[in-house]
file upload-v4.cif (mmCIF, C-alpha atoms)
data_run
#
loop_
_atom_site.label_atom_id
_atom_site.label_comp_id
_atom_site.auth_asym_id
_atom_site.auth_seq_id
_atom_site.Cartn_x
_atom_site.Cartn_y
_atom_site.Cartn_z
CA MET A 27 -21.19 102.10 80.28
CA ALA A 28 -18.33 101.70 82.80
CA VAL A 29 -16.04 99.77 80.48
CA THR A 30 -16.43 102.35 77.71
CA LYS A 31 -15.52 105.14 80.14
CA ASP A 32 -12.45 103.22 81.28
CA VAL A 33 -11.41 102.74 77.66
CA ALA A 34 -11.80 106.43 76.85
CA ALA A 35 -9.85 107.47 79.93
CA ALA A 36 -7.03 105.10 79.04
CA GLU A 37 -6.93 105.82 75.30
CA ASP A 38 -3.50 107.41 75.51
CA ALA A 39 -2.11 104.79 77.87
CA SER A 40 0.59 102.51 76.52
CA VAL A 41 3.06 100.01 77.86
CA SER A 42 6.56 99.13 76.76
CA PRO A 43 7.01 95.71 75.09
CA ALA A 44 9.28 94.68 77.96
CA ARG A 45 6.70 95.53 80.62
CA ALA A 46 3.94 93.77 78.68
CA PHE A 47 6.13 90.69 78.32
CA TRP A 48 7.14 90.53 81.97
CA ALA A 49 3.57 91.10 83.11
CA ALA A 50 2.28 88.17 81.05
CA TRP A 51 5.39 86.12 81.84
CA SER A 52 5.09 86.63 85.60
CA GLY A 53 1.45 85.60 85.64
CA TRP A 54 2.17 82.48 83.63
CA MET A 55 5.28 81.65 85.70
CA LEU A 56 3.30 81.78 88.92
CA ASP A 57 0.62 79.75 87.17
CA GLY A 58 3.27 77.09 86.47
CA PHE A 59 4.43 77.25 90.08
CA ASP A 60 0.88 76.81 91.31
CA SER A 61 0.17 73.90 88.95
CA GLY A 62 3.49 72.21 89.63
CA LEU A 63 3.16 72.08 93.39
CA TYR A 64 0.66 69.24 93.24
CA ILE A 65 2.77 66.72 91.34
CA PHE A 66 5.59 66.91 93.89
CA VAL A 67 3.43 66.58 97.01
CA LEU A 68 0.83 64.18 95.61
CA VAL A 69 2.09 61.14 97.50
CA PRO A 70 2.40 62.62 101.03
CA ALA A 71 -0.84 64.58 100.59
CA LEU A 72 -2.81 61.53 99.51
CA ILE A 73 -1.34 59.36 102.24
CA ASP A 74 -2.72 61.79 104.83
CA LEU A 75 -6.04 62.42 103.11
CA LEU A 76 -6.71 58.75 102.38
CA HIS A 77 -5.98 57.81 105.97
CA SER A 78 -8.26 60.61 107.22
CA GLY A 79 -11.05 59.14 105.10
CA GLY A 80 -10.50 55.63 106.42
CA LEU A 81 -8.95 54.40 103.16
CA ASP A 82 -5.78 52.41 102.63
CA ALA A 83 -2.91 54.50 101.20
CA SER A 84 -1.89 51.71 98.82
CA LYS A 85 -0.12 52.22 95.50
CA GLY A 86 -3.39 51.49 93.69
CA ASN A 87 -5.40 54.00 95.74
CA ILE A 88 -2.76 56.69 95.39
CA ALA A 89 -2.76 56.16 91.61
CA ARG A 90 -6.56 56.05 91.38
CA TYR A 91 -7.32 59.08 93.57
CA GLY A 92 -4.30 60.95 92.25
CA GLY A 93 -5.72 60.51 88.75
CA TYR A 94 -9.16 61.68 89.89
CA LEU A 95 -7.64 64.82 91.38
CA PHE A 96 -5.59 65.50 88.26
CA SER A 97 -8.77 65.28 86.22
CA ILE A 98 -10.76 67.48 88.61
CA PHE A 99 -8.09 70.17 88.35
CA MET A 100 -8.22 69.94 84.55
CA LEU A 101 -12.01 70.18 84.56
CA GLY A 102 -11.60 73.42 86.48
CA TRP A 103 -9.22 74.47 83.72
CA ALA A 104 -11.84 73.53 81.15
CA CYS A 105 -14.49 75.74 82.72
CA SER A 106 -12.07 78.64 82.41
CA MET A 107 -13.24 79.37 78.87
CA PHE A 108 -15.62 81.69 80.75
CA TRP A 109 -12.62 83.91 81.52
CA GLY A 110 -11.79 84.24 77.82
CA TRP A 111 -15.27 85.58 77.17
CA MET A 112 -14.83 88.01 80.07
CA ALA A 113 -11.42 89.16 78.81
CA ASP A 114 -12.85 90.00 75.38
CA ARG A 115 -15.53 92.12 77.03
CA PHE A 116 -13.97 93.65 80.13
CA GLY A 117 -10.23 93.73 79.46
CA ARG A 118 -7.20 91.46 79.35
CA VAL A 119 -5.39 92.90 82.37
CA ARG A 120 -8.46 93.19 84.58
CA ILE A 121 -9.45 89.55 84.05
CA MET A 122 -5.87 88.32 84.37
CA CYS A 123 -5.74 89.88 87.84
CA LEU A 124 -8.97 88.16 88.87
CA THR A 125 -7.73 84.76 87.70
CA ILE A 126 -4.43 85.14 89.59
CA LEU A 127 -6.31 85.98 92.77
CA MET A 128 -8.54 82.94 92.33
CA TYR A 129 -5.83 80.36 91.78
CA SER A 130 -3.64 81.83 94.53
CA PHE A 131 -6.25 81.61 97.25
CA ALA A 132 -7.64 78.27 96.04
CA THR A 133 -4.16 76.73 96.17
CA ALA A 134 -3.59 78.06 99.68
CA LEU A 135 -6.91 76.52 100.72
CA CYS A 136 -5.60 73.12 99.60
CA GLY A 137 -3.22 73.44 102.53
CA VAL A 138 -6.11 73.47 105.00
CA ALA A 139 -8.22 70.76 103.28
CA TRP A 140 -9.80 68.43 105.84
CA SER A 141 -10.87 65.65 103.47
CA LEU A 142 -10.48 64.32 99.94
CA THR A 143 -13.72 66.06 98.99
CA SER A 144 -12.65 69.49 100.23
CA PHE A 145 -9.24 69.03 98.61
CA ALA A 146 -10.93 68.18 95.31
CA VAL A 147 -13.13 71.30 95.49
CA PHE A 148 -10.12 73.54 96.09
CA ARG A 149 -8.20 71.86 93.25
CA PHE A 150 -11.14 72.52 90.92
CA LEU A 151 -11.17 76.22 91.88
CA ALA A 152 -7.40 76.47 91.43
CA GLY A 153 -7.73 74.97 87.95
CA PHE A 154 -10.54 77.40 87.15
CA GLY A 155 -8.23 80.31 87.94
CA VAL A 156 -5.11 78.86 86.31
CA GLY A 157 -6.83 78.27 82.98
CA GLY A 158 -8.24 81.76 82.81
CA GLU A 159 -4.85 83.42 83.30
CA TRP A 160 -3.60 82.08 79.96
CA ALA A 161 -6.76 83.12 78.10
CA ALA A 162 -6.30 86.72 79.25
CA GLY A 163 -2.52 87.06 79.43
CA THR A 164 -1.48 85.58 76.10
CA PRO A 165 -3.68 87.88 73.94
CA MET A 166 -2.63 90.81 76.14
CA LEU A 167 1.01 90.24 75.24
CA GLN A 168 0.47 89.71 71.51
CA GLU A 169 -1.75 92.79 71.25
CA SER A 170 0.66 95.00 73.22
CA VAL A 171 3.94 94.54 71.33
CA PRO A 172 5.11 95.53 67.82
CA GLU A 173 4.66 92.91 65.11
CA LYS A 174 8.43 92.62 64.58
CA MET A 175 8.84 91.53 68.21
CA ARG A 176 5.67 89.47 68.56
CA ILE A 177 6.95 86.06 67.43
CA ARG A 178 10.00 86.22 69.66
CA LEU A 179 8.20 87.43 72.78
CA ALA A 180 5.16 85.16 72.31
CA SER A 181 7.46 82.17 71.85
CA TRP A 182 9.44 83.03 74.96
CA LEU A 183 6.31 83.49 77.06
CA HIS A 184 6.14 79.76 77.77
CA THR A 185 9.62 79.83 79.35
CA ALA A 186 7.60 80.96 82.36
CA THR A 187 6.18 77.45 82.77
CA PRO A 188 9.48 75.61 83.43
CA ILE A 189 10.66 78.46 85.66
CA GLY A 190 7.42 78.15 87.62
CA GLY A 191 7.98 74.40 87.68
CA LEU A 192 11.48 74.92 89.05
CA LEU A 193 10.03 77.11 91.80
CA ALA A 194 7.61 74.29 92.57
CA VAL A 195 10.55 71.88 92.68
CA SER A 196 12.33 74.21 95.11
CA ALA A 197 9.22 74.39 97.26
CA SER A 198 8.95 70.60 97.25
CA PHE A 199 12.30 70.37 99.06
CA LEU A 200 10.50 72.08 101.95
CA VAL A 201 8.05 69.18 102.40
CA PRO A 202 10.17 67.50 105.13
CA LEU A 203 10.33 70.87 106.97
CA ILE A 204 6.86 72.39 106.63
CA GLY A 205 4.84 69.46 105.33
CA TRP A 206 2.70 69.26 102.21
CA ARG A 207 0.15 71.63 103.76
CA GLY A 208 2.77 74.32 104.27
CA VAL A 209 3.89 73.98 100.64
CA PHE A 210 0.34 74.57 99.41
CA LEU A 211 -0.01 77.60 101.67
CA LEU A 212 2.89 79.16 99.76
CA GLY A 213 0.52 79.22 96.78
CA VAL A 214 -1.06 82.44 98.05
CA LEU A 215 2.07 84.43 97.11
CA PRO A 216 1.10 85.01 93.43
CA ALA A 217 -1.78 87.20 94.64
CA LEU A 218 0.78 89.94 95.31
CA LEU A 219 1.43 90.23 91.56
CA THR A 220 -2.04 91.66 90.97
CA VAL A 221 -1.16 94.86 92.82
CA TRP A 222 1.64 95.63 90.37
CA LEU A 223 -0.40 94.57 87.33
CA ARG A 224 -3.29 96.90 88.06
CA ARG A 225 -0.99 99.86 88.73
CA SER A 226 1.55 99.40 85.93
CA VAL A 227 0.01 97.67 82.91
CA PRO A 228 -2.80 99.25 80.80
CA GLU A 229 -5.12 97.35 78.50
CA PRO A 230 -3.73 96.81 74.96
CA LYS A 231 -4.61 99.56 72.48
CA VAL A 232 -5.76 96.93 69.98
CA TRP A 233 -8.40 95.73 72.42
CA ARG A 234 -9.36 99.27 73.47
CA ARG A 235 -10.02 100.22 69.85
CA ALA A 236 -12.22 97.15 69.40
CA VAL A 237 -14.21 98.01 72.53
CA ALA A 238 -14.61 101.62 71.45
CA GLN A 239 -16.23 100.76 68.13
CA PRO A 240 -19.85 102.01 67.95
CA GLN A 241 -22.44 99.38 68.85
CA PRO A 242 -25.96 99.01 67.44
CA ALA A 243 -28.71 100.70 69.47
CA GLY A 244 -29.92 98.46 72.26
CA SER A 245 -27.00 96.05 71.89
CA ARG A 246 -25.40 94.68 75.03
CA ARG A 247 -22.23 93.69 73.26
CA LEU A 248 -19.06 95.39 74.37
CA ALA A 249 -16.88 94.48 71.38
CA GLY A 250 -16.85 92.58 68.10
CA PRO A 251 -19.50 90.65 66.18
CA GLY A 252 -20.21 88.11 68.92
CA LEU A 253 -19.15 84.50 69.36
CA GLY A 254 -21.23 82.98 66.58
CA PRO A 255 -18.60 83.44 63.83
CA LEU A 256 -16.22 81.16 65.76
CA PHE A 257 -18.51 78.25 65.00
CA ARG A 258 -19.65 79.11 61.45
CA GLY A 259 -18.01 78.86 58.06
CA PRO A 260 -14.22 78.52 57.69
CA GLN A 261 -13.61 79.82 61.23
CA ALA A 262 -15.49 76.83 62.67
CA ARG A 263 -12.95 74.46 61.12
CA THR A 264 -10.18 76.53 62.69
CA THR A 265 -11.84 76.57 66.11
CA TRP A 266 -12.35 72.81 66.21
CA ALA A 267 -8.91 72.06 64.80
CA ALA A 268 -7.33 74.23 67.49
CA ALA A 269 -9.36 72.46 70.18
CA GLY A 270 -8.34 69.06 68.81
CA MET A 271 -4.65 69.92 68.83
CA MET A 272 -4.85 71.29 72.36
CA ALA A 273 -6.74 68.21 73.56
CA CYS A 274 -3.93 65.96 72.36
CA ILE A 275 -1.04 67.90 73.87
CA ILE A 276 -2.86 68.44 77.18
CA PHE A 277 -3.92 64.79 77.34
CA GLY A 278 -0.34 63.78 76.60
CA LEU A 279 1.30 66.15 79.06
CA TRP A 280 -0.89 65.39 82.03
CA SER A 281 -1.14 61.67 81.27
CA CYS A 282 2.57 61.13 80.69
CA THR A 283 4.97 63.80 81.89
CA PHE A 284 3.37 64.80 85.18
CA TRP A 285 3.33 61.23 86.48
CA ALA A 286 7.14 61.05 86.41
CA PRO A 287 7.76 62.09 90.07
CA THR A 288 5.07 59.68 91.29
CA LEU A 289 6.60 56.80 89.30
CA ILE A 290 10.04 57.56 90.71
CA ILE A 291 8.80 57.71 94.30
CA SER A 292 6.79 54.52 93.81
CA LYS A 293 9.73 52.56 92.40
CA LEU A 294 12.26 53.82 94.93
CA THR A 295 10.10 53.25 98.01
CA ALA A 296 9.18 49.77 96.74
CA ALA A 297 12.93 49.05 96.60
CA GLY A 298 13.34 50.15 100.22
CA THR A 299 14.41 53.78 99.78
CA PRO A 300 13.13 56.02 102.60
CA MET A 301 10.32 58.37 101.57
CA ALA A 302 12.38 61.53 102.23
CA ALA A 303 15.19 60.31 99.96
CA ALA A 304 12.72 59.26 97.27
CA GLN A 305 11.09 62.69 97.47
CA ARG A 306 14.46 64.40 96.95
CA THR A 307 15.18 62.24 93.90
CA ALA A 308 11.77 63.06 92.45
CA SER A 309 12.44 66.75 93.04
CA PHE A 310 15.76 66.44 91.19
CA SER A 311 13.94 64.77 88.31
CA GLY A 312 11.73 67.86 88.13
CA LEU A 313 14.82 69.99 87.53
CA LEU A 314 15.73 67.88 84.50
CA LEU A 315 12.17 67.78 83.18
CA ASN A 316 11.72 71.54 83.43
CA GLY A 317 15.22 72.12 82.07
CA GLY A 318 14.26 70.32 78.86
CA THR A 319 11.10 72.42 78.60
CA PHE A 320 13.05 75.63 79.13
CA VAL A 321 15.45 74.79 76.29
CA ALA A 322 12.53 74.16 73.91
CA CYS A 323 10.86 77.43 74.87
CA GLY A 324 14.07 79.40 74.54
CA LEU A 325 14.69 78.02 71.04
CA MET A 326 11.08 78.35 69.87
CA PRO A 327 11.51 81.69 67.99
CA TRP A 328 14.11 80.02 65.78
CA ILE A 329 12.21 76.72 65.60
CA ALA A 330 9.00 78.52 64.58
CA THR A 331 10.74 80.57 61.88
CA GLY A 332 13.44 78.10 60.81
CA ILE A 333 11.17 75.10 60.27
CA GLY A 334 8.72 77.26 58.36
CA PRO A 335 5.06 76.28 58.53
CA ARG A 336 3.43 76.13 61.94
CA ARG A 337 1.86 72.81 60.98
CA ARG A 338 5.24 71.24 60.23
CA ALA A 339 6.66 72.37 63.57
CA ALA A 340 3.60 71.02 65.39
CA ALA A 341 3.89 67.62 63.67
CA ILE A 342 7.57 67.38 64.63
CA PHE A 343 6.74 68.09 68.28
CA PHE A 344 3.86 65.59 68.31
CA ILE A 345 6.05 62.80 66.90
CA GLY A 346 8.93 63.79 69.18
CA SER A 347 6.59 63.62 72.18
CA LEU A 348 5.53 60.08 71.31
CA VAL A 349 9.11 58.90 70.80
CA SER A 350 10.33 60.48 74.05
CA VAL A 351 7.47 58.91 76.06
CA LEU A 352 8.18 55.49 74.60
CA ALA A 353 11.90 55.83 75.32
CA ALA A 354 11.41 56.91 78.93
CA TYR A 355 8.48 54.77 80.03
CA LEU A 356 8.46 51.71 77.76
CA LEU A 357 12.20 51.28 77.34
CA ALA A 358 13.80 52.69 80.49
CA ALA A 359 11.11 52.23 83.14
CA MET A 360 9.47 48.99 81.96
CA LEU A 361 11.80 46.92 79.75
CA ILE A 362 15.14 47.89 81.34
CA ASP A 363 13.57 48.78 84.73
CA SER A 364 16.15 51.50 85.39
CA VAL A 365 15.13 54.53 87.43
CA THR A 366 18.47 56.15 86.66
CA LEU A 367 18.04 55.87 82.87
CA PHE A 368 14.43 57.03 83.21
CA ILE A 369 15.54 60.17 85.05
CA TRP A 370 18.16 61.03 82.43
CA LEU A 371 15.59 60.69 79.65
CA LEU A 372 13.39 63.34 81.25
CA PRO A 373 15.00 66.39 79.52
CA PRO A 374 13.92 65.28 76.01
CA LEU A 375 10.53 64.32 77.46
CA GLY A 376 10.12 67.85 78.80
CA PHE A 377 11.49 69.36 75.57
CA PHE A 378 8.75 67.83 73.42
CA THR A 379 5.70 67.21 75.63
CA ASN A 380 5.80 70.55 77.45
CA GLY A 381 7.90 72.63 75.05
CA VAL A 382 5.22 72.23 72.37
CA PHE A 383 3.04 74.67 74.33
CA ALA A 384 5.45 77.48 73.41
CA LEU A 385 4.49 76.90 69.77
CA PHE A 386 0.79 77.09 70.59
CA THR A 387 1.25 80.20 72.76
CA LEU A 388 2.37 81.78 69.49
CA TRP A 389 -0.02 80.00 67.10
CA LEU A 390 -3.41 80.02 68.87
CA PRO A 391 -3.84 83.84 69.07
CA GLU A 392 -2.98 84.02 65.36
CA LEU A 393 -6.02 81.88 64.57
CA PHE A 394 -8.65 84.32 65.92
CA PRO A 395 -9.60 87.99 65.34
CA THR A 396 -9.19 90.55 68.13
CA ALA A 397 -12.85 90.68 69.17
CA GLN A 398 -12.93 86.92 69.87
CA ARG A 399 -9.24 86.23 70.48
CA SER A 400 -9.36 85.52 74.21
CA PHE A 401 -12.52 83.45 73.98
CA GLY A 402 -11.41 81.61 70.82
CA ALA A 403 -7.97 80.70 72.13
CA GLY A 404 -9.40 80.07 75.60
CA PHE A 405 -12.16 77.86 74.16
CA ALA A 406 -9.65 75.76 72.24
CA PHE A 407 -7.42 75.44 75.29
CA SER A 408 -10.34 74.74 77.64
CA LEU A 409 -12.17 72.23 75.47
CA GLY A 410 -8.81 70.53 75.08
CA ARG A 411 -8.70 70.29 78.85
CA VAL A 412 -12.16 68.67 78.96
CA LEU A 413 -10.98 65.91 76.65
CA GLY A 414 -7.52 65.84 78.20
CA ALA A 415 -9.00 65.46 81.69
CA VAL A 416 -9.85 61.86 80.84
CA GLY A 417 -6.13 61.05 80.58
CA PRO A 418 -4.97 61.21 84.21
CA THR A 419 -7.99 59.24 85.44
CA LEU A 420 -7.42 56.67 82.69
CA VAL A 421 -3.78 56.32 83.73
CA GLY A 422 -4.67 56.09 87.43
CA VAL A 423 -7.33 53.42 86.89
CA THR A 424 -5.06 51.42 84.56
CA VAL A 425 -2.24 51.52 87.11
CA ALA A 426 -4.64 50.35 89.82
CA LEU A 427 -5.65 47.40 87.61
CA THR A 428 -2.23 46.47 86.20
CA GLY A 429 0.15 47.76 88.87
CA SER A 430 2.30 49.36 86.15
CA TYR A 431 2.75 53.08 85.51
CA PRO A 432 4.95 52.50 82.41
CA LEU A 433 2.39 50.22 80.75
CA ALA A 434 -0.50 52.62 81.33
CA ILE A 435 1.42 55.69 80.18
CA THR A 436 2.82 53.95 77.10
CA ALA A 437 -0.72 53.09 76.00
CA VAL A 438 -2.12 56.62 76.34
CA SER A 439 0.88 58.19 74.57
CA LEU A 440 -0.66 57.10 71.25
CA ILE A 441 -2.83 60.24 71.56
CA TYR A 442 -0.05 62.11 69.75
CA LEU A 443 -0.71 60.09 66.58
CA ILE A 444 -4.42 60.85 66.82
CA GLY A 445 -3.58 64.57 66.92
CA LEU A 446 -1.84 64.65 63.53
CA PRO A 447 -5.10 65.02 61.49
CA ALA A 448 -6.09 68.02 63.65
CA ILE A 449 -2.79 69.67 62.71
CA ALA A 450 -3.57 69.14 59.03
CA MET A 451 -6.97 70.85 59.48
CA ALA A 452 -5.56 74.02 61.06
CA PRO A 453 -4.83 77.05 58.84
CA GLU A 454 -1.24 78.09 58.25
CA THR A 455 -0.34 81.48 59.75
CA ALA A 456 3.45 81.61 59.46
CA GLY A 457 4.63 84.89 57.94
CA ARG A 458 1.30 86.67 58.51
CA PRO A 459 0.63 89.49 60.99
CA LEU A 460 -1.71 89.09 63.95
CA PRO A 461 -5.26 89.42 62.54
CA ALA A 462 -7.20 92.56 63.48
#
call {"tool": "encode", "arguments": {"input": "upload-v4.cif", "output": "structure tokens"}}
result
Amino acid sequence: MAVTKDVAAAEDASVSPARAFWAAWSGWMLDGFDSGLYIFVLVPALIDLLHSGGLDASKGNIARYGGYLFSIFMLGWACSMFWGWMADRFGRVRIMCLTILMYSFATALCGVAWSLTSFAVFRFLAGFGVGGEWAAGTPMLQESVPEKMRIRLASWLHTATPIGGLLAVSASFLVPLIGWRGVFLLGVLPALLTVWLRRSVPEPKVWRRAVAQPQPAGSRRLAGPGLGPLFRGPQARTTWAAAGMMACIIFGLWSCTFWAPTLIISKLTAAGTPMAAAQRTASFSGLLLNGGTFVACGLMPWIATGIGPRRRAAAIFFIGSLVSVLAAYLLAAMLIDSVTLFIWLLPPLGFFTNGVFALFTLWLPELFPTAQRSFGAGFAFSLGRVLGAVGPTLVGVTVALTGSYPLAITAVSLIYLIGLPAIAMAPETAGRPLPA
């Protein structure tokens, strides 16, 4: 079998912890860049695409179709659990490269979309690639580094997301120069990373040993006891608890945080601010939002070990997310109606709603054995995206009906309270090594 031969040939291959970290980090950073582009060019892109389809580019239509497109992207993410299954069978690095190629070219194709339908198809494909990169890259990192370094490096992996977001913010400043289509075309650049990955980063030894284990005669399995154990016995409770937690934080992030630039542009243009100036202010808000996320990710090794139990840390982030959403949207944007105050409340919003993913980048791989780690963590993340995909559409439709972003987002932020029982169901892994 080809995979077995590859494993045998690479048995002596190894990679330094630093190279493994930067390989996973770079893929996830470019993933964040790719994902972040959309939220900063949503308004100009939809104005053009709605007009080309003979539709009015009203606030309600932008909110409604913007929500649909958010959800379509997340459904593409959800289907990416397929990549986790592939990574368990064919290799973490190999599949990570394929996912990067997919989301790079799909994002570039968004720049040549000729209709809302074609744009939606390309967004789905981009989401399909983006979701798979995490399922392959995160286990690759945790399986490639010494246990004494694992918590620190796994926690810092999510710093790639705000850095990718800051790159997307930087690219958004180019909208007045190259247009929203030109910004999307920049999304092809991550494809260059795959050349370095394939030449410089071997598969983790932990995974290679699992693949090399003797298989029963006639079996088509490449590693491990199959996927069934994920959904039987005590592991089933873990799998569904992980999926429930991920559903809540994904629903919350995409329903609350990622609407911030659109809300700012909407409020400023309604007050008479030119679109270009409103776009610049929204881009600046992205710096603050991603700055808050970066601080949370940078502190996560100490948060994860200082607070103690993973469940306690998760509960703190869930409650903090709810409070920060209420402060920004309900208090600042709706009751006080201050764009300035709203913008300055974005760092704590980013700290909790997006920074919580750094905790789960560490925690999710600890919940599954090596043979099913990519699929298990990817399944939890992807099923969370299926449920979370409802959020952006729900927000968009509610805004179209009520005319209020703050009211719609405040209502859906209650998802963080619903997530607390899922945290209680999840097993505690703090202080334990990565399971074999």
call {"tool": "atom_distance", "arguments": {"input": "upload-v4.cif", "atom1": "CA of Gly53 (chain A)", "atom2": "CA of Thr220 (chain A)"}}
result
8.8 Å
call {"tool": "resolve_selection", "arguments": {"input": "upload-v4.cif", "expression": "the PyMOL selection byres ((chain A and resi 261) around 12)", "output": "number ranges by chain"}}
result
A: 253-260, 262-268, 393-395, 398, 402, 451-453
call {"tool": "atom_distance", "arguments": {"input": "upload-v4.cif", "atom1": "CA of Ser364 (chain A)", "atom2": "CA of Ile444 (chain A)"}}
result
29.2 Å
call {"tool": "closest_residue", "arguments": {"input": "upload-v4.cif", "among": "A:Ser42, A:Ser52, A:Thr299, A:Ser281", "to": "Val423 (chain A)", "atoms": "all atoms listed in the file"}}
result
A:Ser281
call {"tool": "resolve_selection", "arguments": {"input": "upload-v4.cif", "expression": "the PyMOL selection byres ((chain A and resi 95-105) around 8)", "output": "ChimeraX atom specification"}}
result
/A:91-94,106-108,146,149-158,280,407-412,414-419
call {"tool": "residues_around", "arguments": {"input": "upload-v4.cif", "residues": "Ala340 (chain A)", "least_positions_apart": "5", "cutoff": "8 Å", "atoms": "all atoms listed in the file", "output": "short mmCIF file (atom, residue, chain, number, x, y, z; two decimals) with C-alpha atoms, in the frame of the given file"}}
result
data_model
loop_
_atom_site.label_atom_id
_atom_site.label_comp_id
_atom_site.auth_asym_id
_atom_site.auth_seq_id
_atom_site.Cartn_x
_atom_site.Cartn_y
_atom_site.Cartn_z
CA VAL A 382 5.22 72.23 72.37
CA LEU A 385 4.49 76.90 69.77
CA ILE A 449 -2.79 69.67 62.71
#
call {"tool": "atom_distance", "arguments": {"input": "upload-v4.cif", "atom1": "CA of Arg224 (chain A)", "atom2": "CA of Trp51 (chain A)"}}
result
15.2 Å
call {"tool": "resolve_selection", "arguments": {"input": "upload-v4.cif", "expression": "the PyMOL selection byres ((chain A and resi 318-324) around 12)", "output": "NGL selection string"}}
result
:A and (55 or 178-192 or 279 or 283 or 311-317 or 325-330 or 343 or 346-347 or 350 or 369-388)
call {"tool": "write_last_selection", "arguments": {"input": "upload-v4.cif", "atoms": "C-alpha atoms", "output": "JSON list (two decimals), in the frame of the given file"}}
result
[["chain", "number", "residue", "atom", "x", "y", "z"],
["A", 55, "MET", "CA", 5.28, 81.65, 85.70],
["A", 178, "ARG", "CA", 10.00, 86.22, 69.66],
["A", 179, "LEU", "CA", 8.20, 87.43, 72.78],
["A", 180, "ALA", "CA", 5.16, 85.16, 72.31],
["A", 181, "SER", "CA", 7.46, 82.17, 71.85],
["A", 182, "TRP", "CA", 9.44, 83.03, 74.96],
["A", 183, "LEU", "CA", 6.31, 83.49, 77.06],
["A", 184, "HIS", "CA", 6.14, 79.76, 77.77],
["A", 185, "THR", "CA", 9.62, 79.83, 79.35],
["A", 186, "ALA", "CA", 7.60, 80.96, 82.36],
["A", 187, "THR", "CA", 6.18, 77.45, 82.77],
["A", 188, "PRO", "CA", 9.48, 75.61, 83.43],
["A", 189, "ILE", "CA", 10.66, 78.46, 85.66],
["A", 190, "GLY", "CA", 7.42, 78.15, 87.62],
["A", 191, "GLY", "CA", 7.98, 74.40, 87.68],
["A", 192, "LEU", "CA", 11.48, 74.92, 89.05],
["A", 279, "LEU", "CA", 1.30, 66.15, 79.06],
["A", 283, "THR", "CA", 4.97, 63.80, 81.89],
["A", 311, "SER", "CA", 13.94, 64.77, 88.31],
["A", 312, "GLY", "CA", 11.73, 67.86, 88.13],
["A", 313, "LEU", "CA", 14.82, 69.99, 87.53],
["A", 314, "LEU", "CA", 15.73, 67.88, 84.50],
["A", 315, "LEU", "CA", 12.17, 67.78, 83.18],
["A", 316, "ASN", "CA", 11.72, 71.54, 83.43],
["A", 317, "GLY", "CA", 15.22, 72.12, 82.07],
["A", 325, "LEU", "CA", 14.69, 78.02, 71.04],
["A", 326, "MET", "CA", 11.08, 78.35, 69.87],
["A", 327, "PRO", "CA", 11.51, 81.69, 67.99],
["A", 328, "TRP", "CA", 14.11, 80.02, 65.78],
["A", 329, "ILE", "CA", 12.21, 76.72, 65.60],
["A", 330, "ALA", "CA", 9.00, 78.52, 64.58],
["A", 343, "PHE", "CA", 6.74, 68.09, 68.28],
["A", 346, "GLY", "CA", 8.93, 63.79, 69.18],
["A", 347, "SER", "CA", 6.59, 63.62, 72.18],
["A", 350, "SER", "CA", 10.33, 60.48, 74.05],
["A", 369, "ILE", "CA", 15.54, 60.17, 85.05],
["A", 370, "TRP", "CA", 18.16, 61.03, 82.43],
["A", 371, "LEU", "CA", 15.59, 60.69, 79.65],
["A", 372, "LEU", "CA", 13.39, 63.34, 81.25],
["A", 373, "PRO", "CA", 15.00, 66.39, 79.52],
["A", 374, "PRO", "CA", 13.92, 65.28, 76.01],
["A", 375, "LEU", "CA", 10.53, 64.32, 77.46],
["A", 376, "GLY", "CA", 10.12, 67.85, 78.80],
["A", 377, "PHE", "CA", 11.49, 69.36, 75.57],
["A", 378, "PHE", "CA", 8.75, 67.83, 73.42],
["A", 379, "THR", "CA", 5.70, 67.21, 75.63],
["A", 380, "ASN", "CA", 5.80, 70.55, 77.45],
["A", 381, "GLY", "CA", 7.90, 72.63, 75.05],
["A", 382, "VAL", "CA", 5.22, 72.23, 72.37],
["A", 383, "PHE", "CA", 3.04, 74.67, 74.33],
["A", 384, "ALA", "CA", 5.45, 77.48, 73.41],
["A", 385, "LEU", "CA", 4.49, 76.90, 69.77],
["A", 386, "PHE", "CA", 0.79, 77.09, 70.59],
["A", 387, "THR", "CA", 1.25, 80.20, 72.76],
["A", 388, "LEU", "CA", 2.37, 81.78, 69.49]]
call {"tool": "closest_residue", "arguments": {"input": "upload-v4.cif", "among": "A:Ile275, A:Ala456, A:Ala46, A:Leu367", "to": "Gly332 (chain A)", "atoms": "all atoms listed in the file"}}
result
A:Ala456
call {"tool": "residues_around", "arguments": {"input": "upload-v4.cif", "residues": "Ala302 (chain A)", "least_positions_apart": "2", "cutoff": "10 Å", "atoms": "all atoms listed in the file", "output": "list in words"}}
result
Phe199, Val201, Pro202, Ile291, Thr295, Thr299, Pro300, Ala304, Gln305, Arg306, Thr307 and Ala308 of chain A
call {"tool": "closest_residue", "arguments": {"input": "upload-v4.cif", "among": "A:Phe277, A:Trp160, A:Tyr442, A:Trp389", "to": "Pro461 (chain A)", "atoms": "only C-alpha atoms"}}
result
A:Trp389
call {"tool": "closest_residue", "arguments": {"input": "upload-v4.cif", "among": "A:Lys85, A:Arg118, A:His77, A:Arg45", "to": "Leu427 (chain A)", "atoms": "only C-alpha atoms"}}
result
A:Lys85
call {"tool": "residues_near_point", "arguments": {"input": "upload-v4.cif", "point": "(5.5, 50.4, 83.2)", "cutoff": "6 Å", "atoms": "only C-alpha atoms", "output": "PyMOL selection string"}}
result
chain A and resi 359-360+430-433
call {"tool": "closest_residue", "arguments": {"input": "upload-v4.cif", "among": "A:Leu218, A:Thr455, A:Leu356, A:Phe405", "to": "Gly334 (chain A)", "atoms": "all atoms listed in the file"}}
result
A:Thr455
